[in-house]
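S.K.: This is entry-v1.cif, which holds mmCIF, C-alpha atoms and all ligand atoms:
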```cif
data_final
#
loop_
_atom_site.label_atom_id
_atom_site.label_comp_id
_atom_site.auth_asym_id
_atom_site.auth_seq_id
_atom_site.Cartn_x
_atom_site.Cartn_y
_atom_site.Cartn_z
CA MET A 1 -20.40 13.68 -16.57
CA ASP A 2 -24.04 13.32 -15.60
CA ARG A 3 -25.70 15.48 -12.96
CA MET A 4 -25.94 12.74 -10.34
CA THR A 5 -22.20 12.00 -10.53
CA LYS A 6 -21.40 15.70 -10.14
CA GLU A 7 -23.66 15.88 -7.08
CA LEU A 8 -21.99 12.84 -5.54
CA ILE A 9 -18.54 14.37 -6.04
CA ASP A 10 -19.79 17.58 -4.39
CA GLU A 11 -21.21 15.64 -1.47
CA LEU A 12 -18.05 13.56 -1.01
CA SER A 13 -15.91 16.74 -1.12
CA LEU A 14 -18.04 18.33 1.56
CA LYS A 15 -18.93 15.48 3.89
CA HIS A 16 -16.03 13.07 3.23
CA ALA A 17 -18.43 10.14 3.30
CA LEU A 18 -21.03 8.48 1.10
CA SER A 19 -23.34 5.49 1.49
CA LYS A 20 -22.61 2.20 -0.28
CA PRO A 21 -25.21 2.76 -3.02
CA GLN A 22 -23.76 6.23 -3.57
CA TYR A 23 -20.23 4.84 -3.97
CA LEU A 24 -21.55 2.36 -6.49
CA ARG A 25 -23.25 5.13 -8.45
CA LEU A 26 -20.06 7.20 -8.33
CA LEU A 27 -18.05 4.29 -9.74
CA GLU A 28 -20.64 3.78 -12.47
CA GLY A 29 -20.45 7.47 -13.35
CA ARG A 30 -16.75 7.37 -14.18
CA ASP A 31 -15.78 9.20 -17.36
CA ASP A 32 -12.97 11.59 -18.31
CA GLU A 33 -14.78 14.58 -16.90
CA SER A 34 -15.70 13.06 -13.52
CA GLN A 35 -12.19 11.63 -13.27
CA ALA A 36 -10.70 15.11 -13.78
CA LEU A 37 -13.07 16.74 -11.28
CA LEU A 38 -12.38 14.12 -8.61
CA ALA A 39 -8.62 14.52 -9.09
CA GLU A 40 -8.92 18.31 -8.81
CA ARG A 41 -10.92 18.09 -5.57
CA ALA A 42 -8.60 15.41 -4.16
CA SER A 43 -5.53 17.54 -4.95
CA GLU A 44 -7.06 20.56 -3.22
CA VAL A 45 -7.63 18.71 0.02
CA ARG A 46 -4.29 16.89 -0.24
CA ARG A 47 -2.53 20.28 -0.47
CA LEU A 48 -4.48 21.53 2.53
CA VAL A 49 -3.15 18.68 4.70
CA TYR A 50 0.25 17.85 3.18
CA GLY A 51 1.10 20.87 1.00
CA ASP A 52 3.44 19.94 -1.84
CA GLU A 53 5.31 17.41 0.30
CA VAL A 54 5.81 13.81 -0.72
CA PHE A 55 6.85 11.29 1.96
CA VAL A 56 9.29 8.56 0.97
CA ARG A 57 9.53 5.11 2.51
CA GLY A 58 12.59 2.95 1.88
CA LEU A 59 11.32 -0.51 0.99
CA ILE A 60 13.56 -3.41 2.02
CA GLU A 61 12.30 -6.72 0.63
CA ILE A 62 13.72 -9.01 3.27
CA SER A 63 12.56 -12.43 2.05
CA SER A 64 10.98 -14.00 -1.02
CA ILE A 65 10.16 -17.17 0.91
CA CYS A 66 6.45 -17.58 1.63
CA LYS A 67 4.39 -20.33 3.18
CA ASN A 68 1.17 -18.99 1.67
CA ASP A 69 -0.29 -19.61 -1.72
CA CYS A 70 -2.24 -16.52 -2.71
CA TYR A 71 -3.38 -17.27 -6.27
CA TYR A 72 -2.29 -13.88 -7.65
CA CYS A 73 1.25 -13.59 -6.27
CA GLY A 74 4.52 -14.66 -7.87
CA LEU A 75 6.01 -15.48 -4.46
CA ARG A 76 3.32 -18.07 -3.69
CA ALA A 77 4.72 -21.26 -2.16
CA SER A 78 3.72 -23.48 -5.06
CA ASN A 79 5.61 -21.41 -7.65
CA ALA A 80 8.60 -23.70 -8.13
CA SER A 81 10.26 -21.32 -10.61
CA CYS A 82 10.58 -18.48 -8.08
CA GLU A 83 14.16 -18.02 -6.88
CA ARG A 84 14.05 -17.73 -3.13
CA TYR A 85 16.29 -15.61 -0.91
CA ARG A 86 16.37 -14.31 2.62
CA LEU A 87 18.46 -11.29 3.64
CA ASP A 88 20.79 -11.64 6.63
CA PRO A 89 20.00 -9.29 9.50
CA GLU A 90 23.31 -7.46 8.92
CA VAL A 91 22.41 -6.89 5.27
CA ILE A 92 18.99 -5.51 6.26
CA GLU A 93 20.65 -3.18 8.74
CA ARG A 94 23.14 -2.02 6.10
CA CYS A 95 20.29 -1.26 3.71
CA ALA A 96 18.73 0.93 6.41
CA ASP A 97 22.08 2.68 7.03
CA GLU A 98 22.43 3.40 3.33
CA GLY A 99 18.84 4.60 3.22
CA TYR A 100 19.44 6.93 6.12
CA GLU A 101 22.34 8.55 4.25
CA LEU A 102 20.01 9.01 1.27
CA GLY A 103 17.48 10.88 3.42
CA PHE A 104 14.99 8.12 4.28
CA ARG A 105 13.38 8.39 7.72
CA THR A 106 11.02 5.44 7.33
CA PHE A 107 12.00 1.87 6.50
CA VAL A 108 9.47 -0.71 5.40
CA LEU A 109 10.54 -4.29 6.02
CA GLN A 110 8.43 -6.42 3.72
CA GLY A 111 8.49 -10.09 2.84
CA GLY A 112 6.66 -13.31 2.26
CA GLU A 113 5.41 -15.19 5.31
CA ASP A 114 8.80 -16.70 6.06
CA LEU A 115 8.82 -18.67 9.31
CA TRP A 116 12.54 -17.98 9.82
CA PHE A 117 11.55 -14.48 10.90
CA THR A 118 10.44 -15.37 14.40
CA ASP A 119 9.47 -12.61 16.80
CA GLU A 120 12.91 -12.86 18.38
CA ARG A 121 14.81 -12.49 15.10
CA LEU A 122 12.59 -9.84 13.57
CA GLY A 123 12.37 -8.00 16.89
CA GLU A 124 16.17 -7.93 17.12
CA ILE A 125 16.42 -6.40 13.64
CA VAL A 126 13.81 -3.77 14.53
CA ARG A 127 15.70 -2.96 17.75
CA SER A 128 19.04 -2.60 15.95
CA ILE A 129 17.67 -0.27 13.28
CA LYS A 130 15.87 1.82 15.90
CA GLN A 131 19.01 2.02 18.00
CA ALA A 132 21.09 3.15 15.02
CA HIS A 133 18.43 5.60 13.77
CA PRO A 134 16.14 6.67 16.61
CA ASP A 135 14.59 9.42 14.50
CA CYS A 136 13.21 6.89 12.00
CA ALA A 137 9.93 5.00 11.83
CA ILE A 138 9.82 1.29 11.08
CA THR A 139 6.96 -0.21 9.15
CA LEU A 140 6.50 -3.96 8.97
CA SER A 141 4.71 -5.77 6.16
CA MET A 142 5.22 -9.41 6.99
CA GLY A 143 1.71 -10.76 6.67
CA GLU A 144 -0.61 -12.45 9.14
CA ARG A 145 0.77 -13.19 12.61
CA THR A 146 -0.69 -13.74 16.07
CA ARG A 147 -1.67 -10.85 18.29
CA GLU A 148 1.17 -11.82 20.65
CA SER A 149 3.59 -11.57 17.76
CA TYR A 150 2.31 -8.15 16.71
CA GLN A 151 2.64 -7.04 20.34
CA ALA A 152 6.21 -8.34 20.64
CA LEU A 153 7.27 -6.54 17.45
CA PHE A 154 5.55 -3.35 18.56
CA ASP A 155 7.38 -3.59 21.89
CA ALA A 156 10.62 -4.01 19.94
CA GLY A 157 9.98 -0.62 18.34
CA ALA A 158 7.95 -1.17 15.15
CA ASP A 159 5.64 1.80 14.54
CA ARG A 160 3.46 0.86 11.59
CA TYR A 161 2.13 -2.26 9.88
CA LEU A 162 0.93 -2.74 6.31
CA LEU A 163 -1.47 -5.59 5.70
CA ARG A 164 -3.74 -5.14 2.72
CA HIS A 165 -7.17 -6.56 3.35
CA GLU A 166 -7.10 -7.50 -0.41
CA THR A 167 -10.90 -7.49 -0.67
CA ALA A 168 -13.56 -6.62 1.88
CA ASP A 169 -15.92 -9.19 0.35
CA ARG A 170 -15.66 -12.60 2.00
CA GLY A 171 -16.74 -14.51 -1.13
CA HIS A 172 -14.29 -12.63 -3.34
CA TYR A 173 -11.51 -13.29 -0.82
CA ALA A 174 -12.14 -17.02 -1.20
CA MET A 175 -11.71 -16.73 -4.99
CA LEU A 176 -8.24 -15.21 -4.57
CA HIS A 177 -6.88 -17.43 -1.80
CA PRO A 178 -6.73 -21.12 -0.95
CA GLU A 179 -8.90 -22.52 1.81
CA ALA A 180 -6.08 -22.36 4.33
CA MET A 181 -6.32 -18.57 4.28
CA SER A 182 -9.37 -16.86 5.71
CA TRP A 183 -10.94 -13.45 5.40
CA ASP A 184 -11.85 -13.63 9.08
CA ASN A 185 -8.26 -14.06 10.10
CA ARG A 186 -7.14 -11.16 7.90
CA MET A 187 -9.74 -8.91 9.54
CA ARG A 188 -8.73 -10.21 12.98
CA CYS A 189 -5.13 -9.24 12.18
CA LEU A 190 -6.15 -5.70 11.21
CA ARG A 191 -8.14 -5.28 14.41
CA ASP A 192 -5.31 -6.65 16.55
CA LEU A 193 -2.77 -4.38 14.89
CA ARG A 194 -4.89 -1.36 15.65
CA GLU A 195 -5.52 -2.39 19.26
CA VAL A 196 -1.83 -3.05 19.85
CA GLY A 197 -1.15 0.53 18.82
CA TYR A 198 0.33 0.42 15.32
CA ALA A 199 -0.45 2.93 12.62
CA VAL A 200 -2.23 0.48 10.32
CA GLY A 201 -2.35 0.25 6.54
CA CYS A 202 -4.85 -1.79 4.57
CA GLY A 203 -5.58 -1.81 0.84
CA PHE A 204 -6.49 -3.83 -2.21
CA MET A 205 -5.63 -4.56 -5.81
CA VAL A 206 -7.72 -2.87 -8.48
CA GLY A 207 -8.88 -5.28 -11.17
CA SER A 208 -8.05 -8.48 -9.32
CA PRO A 209 -9.71 -11.50 -10.95
CA TYR A 210 -13.50 -11.73 -10.46
CA GLN A 211 -13.63 -8.22 -8.94
CA THR A 212 -16.87 -6.30 -9.60
CA LEU A 213 -17.84 -2.69 -8.93
CA GLU A 214 -19.93 -4.01 -6.03
CA HIS A 215 -16.80 -5.52 -4.49
CA LEU A 216 -15.01 -2.19 -4.85
CA THR A 217 -17.97 -0.48 -3.20
CA THR A 218 -17.60 -2.87 -0.26
CA ASP A 219 -13.89 -1.98 -0.11
CA LEU A 220 -14.70 1.72 0.00
CA ALA A 221 -17.31 1.26 2.73
CA PHE A 222 -14.86 -0.82 4.75
CA ILE A 223 -12.12 1.82 4.45
CA GLN A 224 -14.55 4.60 5.31
CA ASP A 225 -15.48 2.78 8.49
CA PHE A 226 -12.03 1.45 9.48
CA HIS A 227 -10.25 4.74 8.70
CA PRO A 228 -6.75 3.26 8.47
CA GLU A 229 -3.74 5.55 8.82
CA MET A 230 -2.47 4.26 5.46
CA CYS A 231 -4.13 2.77 2.43
CA GLY A 232 -2.28 1.18 -0.49
CA ILE A 233 -4.04 0.42 -3.73
CA GLY A 234 -2.48 -0.61 -7.03
CA PRO A 235 -3.60 -2.35 -10.18
CA PHE A 236 -3.47 -6.14 -10.29
CA VAL A 237 -0.60 -7.19 -12.56
CA PRO A 238 -0.52 -10.80 -13.75
CA HIS A 239 2.43 -13.07 -13.00
CA HIS A 240 3.29 -15.73 -15.60
CA ALA A 241 3.68 -18.58 -13.09
CA THR A 242 0.32 -18.22 -11.34
CA GLN A 243 -3.12 -19.45 -12.27
CA PHE A 244 -4.05 -15.85 -13.07
CA ALA A 245 -1.28 -15.56 -15.69
CA HIS A 246 -3.76 -14.89 -18.48
CA GLU A 247 -6.07 -12.56 -16.61
CA PRO A 248 -6.01 -8.93 -17.72
CA GLY A 249 -4.14 -6.40 -15.59
CA GLY A 250 -6.11 -3.80 -13.62
CA SER A 251 -7.04 -0.42 -15.09
CA VAL A 252 -4.69 2.48 -14.34
CA GLU A 253 -7.56 4.95 -14.85
CA LEU A 254 -9.85 3.16 -12.39
CA THR A 255 -7.00 2.98 -9.87
CA LEU A 256 -6.54 6.76 -10.14
CA TYR A 257 -10.29 7.35 -9.79
CA LEU A 258 -10.36 5.23 -6.61
CA LEU A 259 -7.27 6.99 -5.30
CA SER A 260 -9.05 10.33 -5.58
CA ILE A 261 -12.12 8.93 -3.84
CA LEU A 262 -9.93 7.66 -0.98
CA ARG A 263 -8.26 11.07 -0.60
CA LEU A 264 -11.63 12.82 -0.42
CA MET A 265 -13.01 10.22 1.98
CA HIS A 266 -10.09 10.55 4.42
CA PRO A 267 -8.06 13.69 3.67
CA ASP A 268 -5.46 12.76 6.32
CA MET A 269 -4.72 9.25 5.02
CA LEU A 270 -1.22 8.31 3.87
CA ILE A 271 -1.71 7.03 0.33
CA PRO A 272 1.14 5.73 -1.82
CA ALA A 273 1.47 5.97 -5.57
CA THR A 274 2.46 2.33 -5.90
CA THR A 275 5.13 0.52 -7.89
CA ALA A 276 2.38 -1.51 -9.60
CA LEU A 277 0.93 1.77 -10.91
CA GLY A 278 4.40 2.68 -12.22
CA THR A 279 4.71 -0.76 -13.79
CA LEU A 280 1.55 -0.52 -15.88
CA ASP A 281 2.10 3.12 -16.87
CA PRO A 282 5.52 4.77 -17.22
CA ARG A 283 4.10 7.90 -15.57
CA GLY A 284 1.79 6.01 -13.22
CA ARG A 285 3.35 7.30 -10.01
CA GLU A 286 3.27 10.91 -11.21
CA LYS A 287 -0.38 10.44 -12.17
CA GLY A 288 -0.97 8.93 -8.73
CA MET A 289 0.34 12.12 -7.10
CA LEU A 290 -1.91 14.23 -9.29
CA ALA A 291 -4.88 12.07 -8.27
CA GLY A 292 -4.25 12.64 -4.53
CA ALA A 293 -1.46 10.30 -3.36
CA ASN A 294 1.22 11.64 -1.00
CA VAL A 295 3.68 8.77 -0.51
CA VAL A 296 6.18 6.89 -2.69
CA MET A 297 8.11 3.78 -1.73
CA PRO A 298 11.38 3.44 -3.61
CA ASN A 299 13.30 0.22 -3.32
CA LEU A 300 16.27 -0.08 -0.93
CA SER A 301 16.82 -3.82 -1.36
CA PRO A 302 20.25 -4.95 -2.59
CA VAL A 303 20.19 -4.94 -6.42
CA GLY A 304 21.31 -8.59 -6.47
CA VAL A 305 18.00 -9.85 -5.04
CA ARG A 306 15.51 -7.47 -6.60
CA LYS A 307 14.51 -9.56 -9.58
CA LYS A 308 13.78 -12.46 -7.23
CA TYR A 309 11.09 -10.48 -5.40
CA GLU A 310 8.81 -10.77 -8.37
CA LEU A 311 5.20 -10.43 -7.23
CA TYR A 312 4.13 -9.78 -10.82
CA ASP A 313 5.69 -9.56 -14.28
CA ASN A 314 7.79 -6.61 -15.51
CA LYS A 315 8.13 -5.02 -12.05
CA ILE A 316 10.04 -1.76 -12.39
CA CYS A 317 13.17 -0.68 -10.48
CA THR A 318 14.74 -4.12 -10.34
CA GLY A 319 18.07 -3.05 -11.86
CA GLU A 320 18.65 0.30 -10.21
CA GLU A 321 20.68 1.12 -7.11
CA ALA A 322 18.87 2.67 -4.12
CA ALA A 323 20.37 6.10 -4.83
CA GLU A 324 19.22 5.94 -8.46
CA CYS A 325 15.61 5.18 -7.48
CA ARG A 326 15.60 7.90 -4.88
CA GLY A 327 16.98 10.48 -7.35
CA CYS A 328 14.67 9.30 -10.12
CA LEU A 329 11.59 9.60 -7.95
CA SER A 330 12.57 13.06 -6.69
CA MET A 331 12.81 14.26 -10.29
CA ARG A 332 9.54 12.59 -11.21
CA MET A 333 7.73 14.24 -8.31
CA LEU A 334 9.22 17.64 -9.16
CA SER A 335 7.96 17.24 -12.71
CA VAL A 336 4.38 17.33 -11.39
CA GLY A 337 4.92 20.05 -8.77
CA TYR A 338 5.62 17.95 -5.69
CA ARG A 339 8.69 17.76 -3.45
CA VAL A 340 10.19 14.70 -1.74
CA VAL A 341 11.06 15.63 1.86
CA VAL A 342 13.33 14.21 4.57
CA ASP A 343 10.72 13.34 7.19
CA ARG A 344 9.32 10.34 9.07
CA GLY A 345 6.10 11.16 7.30
CA ASP A 346 3.56 10.61 10.04
CA ARG A 347 -0.11 11.26 9.45
CA ARG A 348 -1.10 14.90 9.85
CA PRO A 349 -4.43 16.18 11.11
CA TYR A 350 -7.00 17.43 8.67
CA VAL A 351 -8.48 20.77 9.63
CA PRO A 352 -11.25 21.67 7.18
CA ALA A 353 -10.90 25.10 5.60
CA THR A 354 -13.51 27.46 7.00
CA THR A 355 -15.50 29.67 4.74
CA SER A 356 -16.42 32.99 6.30
N1 LIG A 401 3.38 -11.20 2.34
C1 LIG A 401 2.90 -9.98 2.82
C2 LIG A 401 1.41 -9.83 2.56
O1 LIG A 401 0.88 -10.58 1.76
O2 LIG A 401 0.82 -8.95 3.20
C3 LIG A 401 3.62 -8.77 2.25
C4 LIG A 401 4.12 -8.89 0.86
S1 LIG A 401 2.88 -9.03 -0.40
C5 LIG A 401 3.81 -9.44 -1.78
C6 LIG A 401 2.40 -7.31 -0.63
C7 LIG A 401 1.23 -7.05 -1.52
O3 LIG A 401 1.56 -7.31 -2.88
C8 LIG A 401 0.00 -7.88 -1.29
O4 LIG A 401 -0.76 -7.37 -0.23
C9 LIG A 401 -0.72 -7.80 -2.64
O5 LIG A 401 -1.83 -6.88 -2.61
C10 LIG A 401 0.37 -7.29 -3.59
N2 LIG A 401 0.46 -8.19 -4.76
C11 LIG A 401 0.74 -9.51 -4.76
N3 LIG A 401 0.64 -10.01 -6.02
C12 LIG A 401 0.29 -8.98 -6.82
C13 LIG A 401 -0.01 -8.87 -8.22
N4 LIG A 401 0.04 -9.93 -9.02
N5 LIG A 401 -0.35 -7.65 -8.70
C14 LIG A 401 -0.39 -6.57 -7.89
N6 LIG A 401 -0.14 -6.63 -6.57
C15 LIG A 401 0.19 -7.81 -6.03
FE1 LIG A 402 2.95 -14.65 0.33
FE2 LIG A 402 2.15 -12.06 0.56
FE3 LIG A 402 2.52 -13.20 -1.86
FE4 LIG A 402 0.46 -13.98 -0.37
S1 LIG A 402 0.79 -11.89 -1.23
S2 LIG A 402 1.86 -15.35 -1.50
S3 LIG A 402 1.33 -13.86 1.68
S4 LIG A 402 4.08 -12.81 -0.34
FE1 LIG A 403 13.42 3.25 -9.51
FE2 LIG A 403 12.88 5.33 -11.27
S1 LIG A 403 12.11 4.96 -9.27
S2 LIG A 403 14.45 3.78 -11.36
#
```
Using the file provided, produce a representation of the structure as structure tokens.
M.R.:
Amino acid sequence: MDRMTKELIDELSLKHALSKPQYLRLLEGRDDESQALLAERASEVRRLVYGDEVFVRGLIEISSICKNDCYYCGLRASNASCERYRLDPEVIERCADEGYELGFRTFVLQGGEDLWFTDERLGEIVRSIKQAHPDCAITLSMGERTRESYQALFDAGADRYLLRHETADRGHYAMLHPEAMSWDNRMRCLRDLREVGYAVGCGFMVGSPYQTLEHLTTDLAFIQDFHPEMCGIGPFVPHHATQFAHEPGGSVELTLYLLSILRLMHPDMLIPATTALGTLDPRGREKGMLAGANVVMPNLSPVGVRKKYELYDNKICTGEEAAECRGCLSMRMLSVGYRVVVDRGDRRPYVPATTS
């Protein structure tokens, strides 16, 4: 590690912010030694805020039907080989009931942009789950909707919303999406979600096609400024039936490096060790924890549909029952010194340690 990189890590650890040129320099200074130092500093501050606790979110993949055509995603509308399904509301509610028994206190309802899920239908599902489990949080991850729609779902009881910004660079966004999708609308959605009152999650893929270190720097500056409650990053993983089928997957090491930077930037942020990280590296999620993550999102979807929710190739956990994934992840977290807890897992305040 060169001297400048060490100084930048010191500054980030102390001030929890850097300028754009500094972030770029920090990314350029990545080597084994700087990676290890960043992870150590990120773990220290993570322990200060969240101790050894790991929050779990039960992920229910409610529909593989999508009207959009994001170039990178296996669920894109023009992928004719994708088997489509939509879970009935009763099935979704049963998944949540089963999850509750397993100790989940947050449910994430995620899906493609499926027009069947109107505000009325989705709102009714949110209301039913909340009524059955008032001590739980509900997170939605159903893509871009109108402000009125976000408001209606919030009024129905949804607490949080995940919508990755995908890339904070307008030009890069246009390389990953068709013309019908706009960077401006994505940013409008994130602003609306915040103003409506949700805890908001953004995020991006690491190593998405055409991505440069400058793009990643723009992502970091955006996240520093927006300070989302949650931030999900995972490596890009190619899907065989997309135009990016032959692009290389993202780097696990770079993902971990960025994860540590995010933890140091916003010590209170809820940061998952993602399934994509676990797909590219058998110990990816454990490494994610050691780099500063504090959330995991095991799958609660019925086993019969899991393989059909194929965003990318070789996605893990498609054959296991909910209880198996939950048990497996608990063991994995214990193996690196962390403990899965029964908790809604809301954001906690960061109180810097004082030196006297
Ligand atoms: N449709 C909603 C949306 O786009 O926000 C929610 C579901 S979408 C499948 C969730 C996330 O999966 C996206 O935000 C994207 O970052 C990620 N994703 C899609 N294709 C991927 C790929 N090939 N590799 C890694 N992540 C991918
Ligand atoms: Fe649809 Fe989301 Fe996939 Fe885009 S990333 S095609 S919106 S499911
Ligand atoms: Fe799903 Fe290990 S987390 S099988």
S.K.: Check every protein, DNA and RNA residue against ligand LIG 402 (chain A), keep those with an atom at most 10 Å away (counting all atoms listed in the file), and present them as a CSV table (one decimal) with C-alpha atoms, in the frame of the given file.
M.R.:
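This went into out-v2.csv:
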```
chain,number,residue,atom,x,y,z
A,63,SER,CA,12.6,-12.4,2.0
A,64,SER,CA,11.0,-14.0,-1.0
A,65,ILE,CA,10.2,-17.2,0.9
A,66,CYS,CA,6.4,-17.6,1.6
A,67,LYS,CA,4.4,-20.3,3.2
A,68,ASN,CA,1.2,-19.0,1.7
A,69,ASP,CA,-0.3,-19.6,-1.7
A,70,CYS,CA,-2.2,-16.5,-2.7
A,71,TYR,CA,-3.4,-17.3,-6.3
A,72,TYR,CA,-2.3,-13.9,-7.6
A,73,CYS,CA,1.2,-13.6,-6.3
A,74,GLY,CA,4.5,-14.7,-7.9
A,75,LEU,CA,6.0,-15.5,-4.5
A,76,ARG,CA,3.3,-18.1,-3.7
A,77,ALA,CA,4.7,-21.3,-2.2
A,78,SER,CA,3.7,-23.5,-5.1
A,79,ASN,CA,5.6,-21.4,-7.6
A,110,GLN,CA,8.4,-6.4,3.7
A,111,GLY,CA,8.5,-10.1,2.8
A,112,GLY,CA,6.7,-13.3,2.3
A,113,GLU,CA,5.4,-15.2,5.3
A,114,ASP,CA,8.8,-16.7,6.1
A,141,SER,CA,4.7,-5.8,6.2
A,142,MET,CA,5.2,-9.4,7.0
A,143,GLY,CA,1.7,-10.8,6.7
A,144,GLU,CA,-0.6,-12.4,9.1
A,163,LEU,CA,-1.5,-5.6,5.7
A,164,ARG,CA,-3.7,-5.1,2.7
A,166,GLU,CA,-7.1,-7.5,-0.4
A,176,LEU,CA,-8.2,-15.2,-4.6
A,177,HIS,CA,-6.9,-17.4,-1.8
A,181,MET,CA,-6.3,-18.6,4.3
A,309,TYR,CA,11.1,-10.5,-5.4
A,310,GLU,CA,8.8,-10.8,-8.4
A,311,LEU,CA,5.2,-10.4,-7.2
A,312,TYR,CA,4.1,-9.8,-10.8
```
S.K.: Quick one, how far is CA of Ile316 (chain A) from CA of Asp52 (chain A)?
M.R.: 25.0 Å
S.K.: As a quick test: using only C-alpha atoms and all ligand atoms, which residues lie no more than 10 Å away from ligand LIG 403 (chain A)? Give them as a list in words.
M.R.: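 Taking only C-alpha atoms and all ligand atoms into account, the residues around ligand LIG 403 (chain A) at most 10 Å away are Thr275, Gly278, Pro282, Arg285, Val296, Met297, Pro298, Asn299, Leu300, Ile316, Cys317, Thr318, Gly319, Glu320, Glu321, Ala322, Ala323, Glu324, Cys325, Arg326, Gly327, Cys328, Leu329, Ser330, Met331 and Arg332 of chain A.
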S.K.: Select, from A:Val342, A:Leu334, A:Ile271, A:Leu264, the residue with the minimum atom-to-atom distance to Tyr100 (chain A), counting all atoms listed in the file.
M.R.: A:Val342
S.K.: So that I can see what lies close to region 193-195 of chain A, please list as an NGL selection string the residues with an atom at most 12 Å from it, counting only C-alpha atoms and leaving out residues fewer than 2 positions away in the same chain.
M.R.: :A and (140-141 or 143-154 or 158-163 or 186-191 or 197-202 or 226-230)
S.K.: Pick out the closest residue to ligand LIG 401 (chain A) from this set: A:Asp225, A:Glu61, A:Asp184, A:Asp268. Count only C-alpha atoms and all ligand atoms.
M.R.: A:Glu61
S.K.: Could you please determine the separation between CA of Ala273 (chain A) and CA of Gly288 (chain A) in Å, to one decimal place?
M.R.: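 Between CA of Ala273 (chain A) and CA of Gly288 (chain A) the gap works out to 5.0 Å.
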S.K.: Which is closer to ligand LIG 401 (chain A) than all the others in A:Glu247, A:Glu90, A:Asp155, A:Glu120, using only C-alpha atoms and all ligand atoms?
M.R.: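 Nearest to ligand LIG 401 (chain A): A:Glu247.
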S.K.: Of the candidates A:Val336, A:Ile60, A:Val126, A:Leu290, which shows the shortest atom-to-atom distance to ligand LIG 401 (chain A), using only C-alpha atoms and all ligand atoms?
M.R.: A:Ile60
S.K.: Counting all atoms listed in the file, note down every residue that has an atom within 9 Å of the point (-24.0, 8.6, -10.6) (file coordinates), as a PDB file with C-alpha atoms, in the coordinates of the input.
M.R.:
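Done, and the output landed in point.pdb:
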```pdb
ATOM      1  CA  MET A   1     -20.400  13.680 -16.570  1.00  0.00           C
ATOM      2  CA  ASP A   2     -24.040  13.320 -15.600  1.00  0.00           C
ATOM      3  CA  ARG A   3     -25.700  15.480 -12.960  1.00  0.00           C
ATOM      4  CA  MET A   4     -25.940  12.740 -10.340  1.00  0.00           C
ATOM      5  CA  THR A   5     -22.200  12.000 -10.530  1.00  0.00           C
ATOM      6  CA  LYS A   6     -21.400  15.700 -10.140  1.00  0.00           C
ATOM      7  CA  GLU A   7     -23.660  15.880  -7.080  1.00  0.00           C
ATOM      8  CA  LEU A   8     -21.990  12.840  -5.540  1.00  0.00           C
ATOM      9  CA  GLN A  22     -23.760   6.230  -3.570  1.00  0.00           C
ATOM     10  CA  TYR A  23     -20.230   4.840  -3.970  1.00  0.00           C
ATOM     11  CA  LEU A  24     -21.550   2.360  -6.490  1.00  0.00           C
ATOM     12  CA  ARG A  25     -23.250   5.130  -8.450  1.00  0.00           C
ATOM     13  CA  LEU A  26     -20.060   7.200  -8.330  1.00  0.00           C
ATOM     14  CA  LEU A  27     -18.050   4.290  -9.740  1.00  0.00           C
ATOM     15  CA  GLU A  28     -20.640   3.780 -12.470  1.00  0.00           C
ATOM     16  CA  GLY A  29     -20.450   7.470 -13.350  1.00  0.00           C
ATOM     17  CA  ARG A  30     -16.750   7.370 -14.180  1.00  0.00           C
TER      18      ARG A  30
END
```
S.K.: Considering all atoms listed in the file, can you say which of A:Ser335, A:Ser301, A:Ser208, A:Ser19 comes closest to ligand LIG 401 (chain A)?
M.R.: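 Of all the options, A:Ser208 lies closest to ligand LIG 401 (chain A).
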S.K.: Which of these, A:Val237, A:Leu87, A:Val45, A:Ala36, has the shortest distance to ligand LIG 401 (chain A) once you count all atoms listed in the file?
M.R.: A:Val237
S.K.: Using CA of Ala42 (chain A) and CA of Gly292 (chain A) as the two end points, give the distance in Å to one decimal.
M.R.: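 CA of Gly292 (chain A) lies at a distance of 5.2 Å from CA of Ala42 (chain A).
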